[in-house]
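Next comes run.cif, with mmCIF, C-alpha atoms.
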data_input
#
loop_
_atom_site.label_atom_id
_atom_site.label_comp_id
_atom_site.auth_asym_id
_atom_site.auth_seq_id
_atom_site.Cartn_x
_atom_site.Cartn_y
_atom_site.Cartn_z
CA MET Q 1 134.49 45.72 209.10
CA ILE Q 2 135.42 48.51 206.72
CA LYS Q 3 132.88 51.01 205.51
CA THR Q 4 133.51 54.20 203.54
CA GLU Q 5 131.15 56.61 201.87
CA ILE Q 6 131.28 59.93 200.08
CA VAL Q 7 128.06 61.82 200.64
CA SER Q 8 126.69 65.10 199.37
CA GLY Q 9 124.41 65.96 202.28
CA LYS Q 10 124.91 66.55 205.98
CA ILE Q 11 126.87 63.72 207.56
CA GLU Q 12 124.88 61.28 209.65
CA PRO Q 13 127.26 60.08 212.40
CA PHE Q 14 127.88 56.37 212.84
CA PRO Q 15 126.07 55.16 215.96
CA SER Q 16 128.07 54.55 219.11
CA GLU Q 17 127.76 50.81 219.66
CA ASP Q 18 127.65 48.66 222.80
CA SER Q 19 128.12 45.46 220.80
CA HIS Q 20 131.93 45.62 220.45
CA HIS Q 21 132.60 43.43 223.47
CA ASN Q 22 136.27 42.84 222.58
CA ASP Q 23 137.05 46.49 221.87
CA GLY Q 24 138.05 48.75 224.73
CA ALA Q 25 138.43 51.80 222.53
CA GLU Q 26 135.94 53.58 220.31
CA LEU Q 27 137.45 56.61 218.63
CA VAL Q 28 135.45 59.24 216.80
CA PHE Q 29 136.90 62.06 214.71
CA ASN Q 30 134.89 64.89 213.17
CA GLY Q 31 136.70 67.30 210.88
CA ARG Q 32 134.68 70.52 210.88
CA VAL Q 33 134.76 73.64 208.71
CA ARG Q 34 136.38 76.64 210.38
CA SER Q 35 135.07 80.19 209.90
CA THR Q 36 138.27 81.52 208.33
CA GLU Q 37 140.49 80.47 205.44
CA ASN Q 38 143.90 82.11 205.15
CA GLY Q 39 142.69 84.78 207.57
CA GLU Q 40 139.58 85.60 205.54
CA THR Q 41 136.04 85.06 206.84
CA ILE Q 42 134.19 82.44 204.80
CA ARG Q 43 130.66 81.12 204.77
CA GLY Q 44 131.87 77.57 204.11
CA LEU Q 45 134.07 75.28 202.09
CA PHE Q 46 133.22 73.61 198.81
CA TYR Q 47 134.73 70.14 198.51
CA GLU Q 48 135.37 69.01 194.94
CA HIS Q 49 136.19 65.37 194.25
CA TYR Q 50 137.17 63.07 191.42
CA GLU Q 51 134.21 60.84 192.07
CA GLU Q 52 135.22 57.50 190.59
CA MET Q 53 138.74 57.62 191.97
CA ALA Q 54 138.03 59.20 195.35
CA GLU Q 55 135.62 56.43 196.34
CA GLU Q 56 138.14 53.71 195.46
CA GLU Q 57 141.06 55.48 197.12
CA LEU Q 58 139.08 56.06 200.31
CA GLN Q 59 138.05 52.41 200.49
CA SER Q 60 141.59 51.27 199.70
CA LEU Q 61 143.00 53.56 202.38
CA ALA Q 62 140.59 52.27 205.02
CA ALA Q 63 141.48 48.69 204.08
CA GLY Q 64 145.19 49.55 204.26
CA THR Q 65 144.70 51.09 207.70
CA ALA Q 66 143.00 47.92 208.94
CA GLU Q 67 145.94 45.87 207.61
CA LYS Q 68 148.59 48.15 209.11
CA TYR Q 69 147.03 48.45 212.57
CA PRO Q 70 145.28 45.83 214.71
CA ILE Q 71 141.89 47.50 214.72
CA SER Q 72 138.49 45.85 214.54
CA ASP Q 73 136.44 48.30 212.49
CA ILE Q 74 136.97 51.53 210.59
CA PHE Q 75 134.11 53.60 209.23
CA CYS Q 76 134.45 56.87 207.33
CA ARG Q 77 132.03 59.30 205.73
CA HIS Q 78 133.41 62.24 203.74
CA ARG Q 79 131.09 64.98 202.58
CA VAL Q 80 131.47 66.86 199.28
CA GLY Q 81 129.79 69.95 197.86
CA GLU Q 82 129.33 73.13 199.89
CA ILE Q 83 129.65 72.67 203.65
CA PRO Q 84 128.68 75.56 205.93
CA VAL Q 85 130.99 76.72 208.70
CA GLY Q 86 130.73 74.50 211.76
CA GLU Q 87 129.48 71.38 209.97
CA SER Q 88 131.50 68.20 209.51
CA ALA Q 89 133.40 67.50 206.33
CA ILE Q 90 134.59 64.11 207.55
CA HIS Q 91 133.48 61.66 210.21
CA VAL Q 92 135.58 58.64 211.19
CA SER Q 93 134.94 55.92 213.77
CA ILE Q 94 137.53 53.31 214.73
CA TRP Q 95 137.14 50.45 217.20
CA SER Q 96 140.15 48.64 218.65
CA GLU Q 97 141.01 46.39 221.57
CA HIS Q 98 143.27 49.01 223.16
CA ARG Q 99 143.43 52.78 222.71
CA ALA Q 100 147.02 53.04 221.48
CA GLU Q 101 146.51 51.23 218.19
CA GLY Q 102 143.21 53.00 217.61
CA LEU Q 103 144.75 56.43 218.15
CA GLU Q 104 147.68 55.62 215.87
CA ALA Q 105 145.37 54.22 213.21
CA MET Q 106 143.18 57.32 213.31
CA ALA Q 107 146.17 59.67 212.98
CA TRP Q 108 147.62 57.65 210.10
CA PHE Q 109 144.31 57.35 208.28
CA ILE Q 110 143.62 61.09 208.38
CA SER Q 111 147.19 61.94 207.44
CA GLU Q 112 147.19 59.56 204.45
CA LEU Q 113 143.75 60.73 203.34
CA LYS Q 114 145.19 64.23 202.99
CA LYS Q 115 147.90 62.85 200.69
CA ARG Q 116 146.01 60.32 198.55
CA VAL Q 117 142.29 60.79 198.21
CA PRO Q 118 141.49 63.16 195.31
CA ILE Q 119 139.36 65.71 197.12
CA TRP Q 120 140.02 69.47 197.05
CA LYS Q 121 138.79 72.44 199.04
CA TRP Q 122 137.49 75.74 197.70
CA ALA Q 123 136.87 78.59 200.11
CA VAL Q 124 133.36 80.02 199.70
CA LEU Q 125 133.49 83.70 200.56
CA GLU Q 126 130.53 85.53 202.06
CA ASN Q 127 129.55 86.88 198.58
CA GLY Q 128 129.51 83.34 197.19
CA THR Q 129 132.78 83.56 195.27
CA LYS Q 130 134.70 80.29 195.28
CA ILE Q 131 138.49 80.30 195.50
CA PRO Q 132 140.71 77.21 195.43
CA SER Q 133 142.24 76.77 198.86
CA GLU Q 134 145.68 78.45 198.98
CA CYS Q 135 144.88 80.33 195.77
CA ARG Q 136 143.98 83.99 196.18
CA HIS Q 137 142.51 84.95 192.81
CA GLU Q 138 138.87 85.61 191.97
CA LEU Q 139 136.99 82.78 190.28
CA PRO Q 140 135.66 84.24 187.02
CA THR Q 141 132.69 81.91 186.53
CA GLU Q 142 130.66 79.50 188.61
CA LYS Q 143 130.87 75.90 187.47
CA MET U 1 144.42 58.47 169.51
CA LYS U 2 142.04 60.40 171.73
CA VAL U 3 142.79 61.08 175.40
CA ILE U 4 140.65 63.00 177.87
CA VAL U 5 142.31 65.05 180.60
CA LYS U 6 140.25 65.74 183.72
CA CYS U 7 141.02 69.03 185.46
CA PHE U 8 140.51 69.69 189.16
CA SER U 9 141.11 72.43 191.72
CA GLN U 10 143.86 74.80 190.61
CA VAL U 11 144.16 73.18 187.18
CA ARG U 12 140.46 73.70 186.49
CA TYR U 13 140.63 77.18 187.97
CA HIS U 14 143.54 78.32 185.85
CA LEU U 15 142.52 76.61 182.61
CA GLY U 16 138.83 77.42 183.05
CA LYS U 17 137.80 73.94 181.88
CA ASP U 18 136.63 70.72 183.52
CA GLU U 19 138.33 68.61 180.89
CA LEU U 20 140.53 68.81 177.84
CA VAL U 21 140.56 66.52 174.82
CA PHE U 22 143.84 65.71 173.10
CA HIS U 23 144.38 63.89 169.81
CA LEU U 24 147.85 62.42 170.17
CA GLU U 25 150.32 60.35 168.20
CA GLU U 26 151.02 56.79 169.31
CA GLY U 27 153.80 56.55 171.89
CA VAL U 28 152.98 59.72 173.82
CA THR U 29 153.50 59.31 177.57
CA THR U 30 151.86 60.86 180.62
CA SER U 31 154.95 63.07 181.06
CA ASP U 32 154.59 64.36 177.51
CA LEU U 33 150.93 65.10 178.16
CA VAL U 34 151.64 66.99 181.39
CA GLU U 35 154.15 69.11 179.49
CA LYS U 36 151.52 69.87 176.83
CA VAL U 37 149.06 71.00 179.49
CA ARG U 38 151.69 73.12 181.24
CA ASP U 39 152.60 74.71 177.89
CA GLN U 40 148.93 75.45 177.28
CA ALA U 41 148.64 77.05 180.72
CA GLY U 42 151.62 79.35 180.22
CA ASP U 43 152.96 80.26 183.65
CA LEU U 44 149.62 79.76 185.41
CA LEU U 45 150.54 76.29 186.71
CA GLU U 46 154.07 77.26 187.62
CA GLY U 47 154.79 75.97 191.12
CA VAL U 48 151.72 73.70 191.13
CA SER U 49 152.89 70.12 191.62
CA LEU U 50 150.85 67.58 189.67
CA ARG U 51 150.45 63.86 190.14
CA VAL U 52 148.94 61.86 187.33
CA ALA U 53 146.23 59.21 187.39
CA VAL U 54 145.35 57.12 184.36
CA ASN U 55 141.91 55.54 184.39
CA GLN U 56 141.52 56.38 188.10
CA LYS U 57 144.88 54.90 189.22
CA TYR U 58 147.94 56.89 190.27
CA THR U 59 150.88 56.34 187.94
CA PRO U 60 154.12 57.23 189.77
CA GLU U 61 156.17 56.67 186.62
CA ALA U 62 155.57 57.95 183.09
CA VAL U 63 153.47 55.47 181.12
CA GLU U 64 152.57 55.28 177.45
CA LEU U 65 149.02 56.37 176.79
CA LYS U 66 146.41 54.37 174.90
CA ASP U 67 143.40 55.45 172.89
CA GLY U 68 140.48 56.27 175.19
CA ASP U 69 142.55 56.77 178.34
CA GLU U 70 141.23 59.15 180.97
CA VAL U 71 144.07 61.13 182.52
CA ALA U 72 143.59 63.18 185.67
CA LEU U 73 146.01 65.88 186.70
CA ILE U 74 146.00 65.80 190.49
CA PRO U 75 147.19 68.92 192.32
CA PRO U 76 147.95 68.45 196.04
CA VAL U 77 144.81 66.94 197.56
CA GLN U 78 143.02 68.54 200.50
CA GLY U 79 140.42 66.16 201.90
CA GLY U 80 139.46 65.91 205.54
#
Just give me the structure as structure tokens.
Amino acid sequence: MIKTEIVSGKIEPFPSEDSHHNDGAELVFNGRVRSTENGETIRGLFYEHYEEMAEEELQSLAAGTAEKYPISDIFCRHRVGEIPVGESAIHVSIWSEHRAEGLEAMAWFISELKKRVPIWKWAVLENGTKIPSECRHELPTEK
Amino acid sequence: MKVIVKCFSQVRYHLGKDELVFHLEEGVTTSDLVEKVRDQAGDLLEGVSLRVAVNQKYTPEAVELKDGDEVALIPPVQGG
């Protein structure tokens, strides 16, 4: 099964299941917001997305991962909007018969997501100013 | 023909707009449009690589635009 979602609130983790009787591996990845961006203390990250395209690309990527690797299920939730330090921006669960293919699938999925899915990070400084990640100028106006 | 350009991340930041509207002659391609946007931005987008999506699909090659197309300029993405 393939399930992907882009959500605007705190990510609800997928439940750990005992019903995957043919899967020896259940992998869970949480990508969390660090407290610094380019060496500067931040209060969080703001994730901007191209809504219509990001949802399709994420679903297509998950389907492509399930075709490329012999995994049983792949679930992904990606959060957008402002995410405080410490909270998850992405949550992925993969089930597979053996660990090797699950680990490879997880690494590939995350790596490809960072190349294809139109989502961008803005650092949110402690005074609320938003700066595009890797861009060090002041944002003149709030959107 | 009318084409809407969606701006994200560094493009939105530098141009100060969520979207741009262009009225173009027939035969204009995505490459032509990217050049127009870069010209409009001066040197602000220098060094910013841009991929193009037309109607929510990446277009690796230049394609001719049609009336009503939605073009997104996609700087390097940063999900996860």
To test your reading of the syntax: which residues would the PyMOL selection byres ((chain Q) within 9 of (chain U)) return for the file shown? Reply as a PyMOL selection string. chain Q and resi 30-32+47-50+52-54+56-57+78-79+89-91+110-111+113-122+131-133+135+139-141+143
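Taking atom CA of Arg99 of chain Q and atom CA of Ser60 of chain Q as endpoints, the distance between them is 23.1 Å.
With only C-alpha atoms as the atoms that count, the minimum distance from Phe46 of chain Q to the choices Q:Thr129, Q:His98, Q:Glu17, Q:Glu67 is reached by Q:Thr129.
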Interatomic distance (Å, one decimal) between atom CA of Gly39 of chain Q and atom CA of Asn127 of chain Q: 16.1 Å
Could you tell me, as a ChimeraX atom specification, exactly which residues end up selected when the PyMOL selection byres ((chain U and resi 33) around 12) is applied to this structure? /U:2-5,20-25,27-32,34-40,50,52-54,62-65,69-73
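Computed from the coordinates, the atom CA of Ser96 of chain Q to atom CA of Ala62 of chain Q distance equals 14.1 Å.
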As a PyMOL selection string, please: the residues near segment 10-15 of chain Q (cut-off 12 Å, all atoms listed in the file, same-chain neighbours under 5 positions excluded). chain Q and resi 3-5+26-32+73-84+86-95
Using the selection just defined, write its residues with C-alpha atoms as a short mmCIF file (atom, residue, chain, number, x, y, z; two decimals), in the coordinates of the input.
data_model
loop_
_atom_site.label_atom_id
_atom_site.label_comp_id
_atom_site.auth_asym_id
_atom_site.auth_seq_id
_atom_site.Cartn_x
_atom_site.Cartn_y
_atom_site.Cartn_z
CA LYS Q 3 132.88 51.01 205.51
CA THR Q 4 133.51 54.20 203.54
CA GLU Q 5 131.15 56.61 201.87
CA GLU Q 26 135.94 53.58 220.31
CA LEU Q 27 137.45 56.61 218.63
CA VAL Q 28 135.45 59.24 216.80
CA PHE Q 29 136.90 62.06 214.71
CA ASN Q 30 134.89 64.89 213.17
CA GLY Q 31 136.70 67.30 210.88
CA ARG Q 32 134.68 70.52 210.88
CA ASP Q 73 136.44 48.30 212.49
CA ILE Q 74 136.97 51.53 210.59
CA PHE Q 75 134.11 53.60 209.23
CA CYS Q 76 134.45 56.87 207.33
CA ARG Q 77 132.03 59.30 205.73
CA HIS Q 78 133.41 62.24 203.74
CA ARG Q 79 131.09 64.98 202.58
CA VAL Q 80 131.47 66.86 199.28
CA GLY Q 81 129.79 69.95 197.86
CA GLU Q 82 129.33 73.13 199.89
CA ILE Q 83 129.65 72.67 203.65
CA PRO Q 84 128.68 75.56 205.93
CA GLY Q 86 130.73 74.50 211.76
CA GLU Q 87 129.48 71.38 209.97
CA SER Q 88 131.50 68.20 209.51
CA ALA Q 89 133.40 67.50 206.33
CA ILE Q 90 134.59 64.11 207.55
CA HIS Q 91 133.48 61.66 210.21
CA VAL Q 92 135.58 58.64 211.19
CA SER Q 93 134.94 55.92 213.77
CA ILE Q 94 137.53 53.31 214.73
CA TRP Q 95 137.14 50.45 217.20
#
Selection dump of the PyMOL selection byres ((chain Q and resi 24) around 6), as a list in words: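 When the PyMOL selection byres ((chain Q and resi 24) around 6) is applied to the shown file, the picked residues are Asp23, Ala25, Glu97 and His98 of chain Q.
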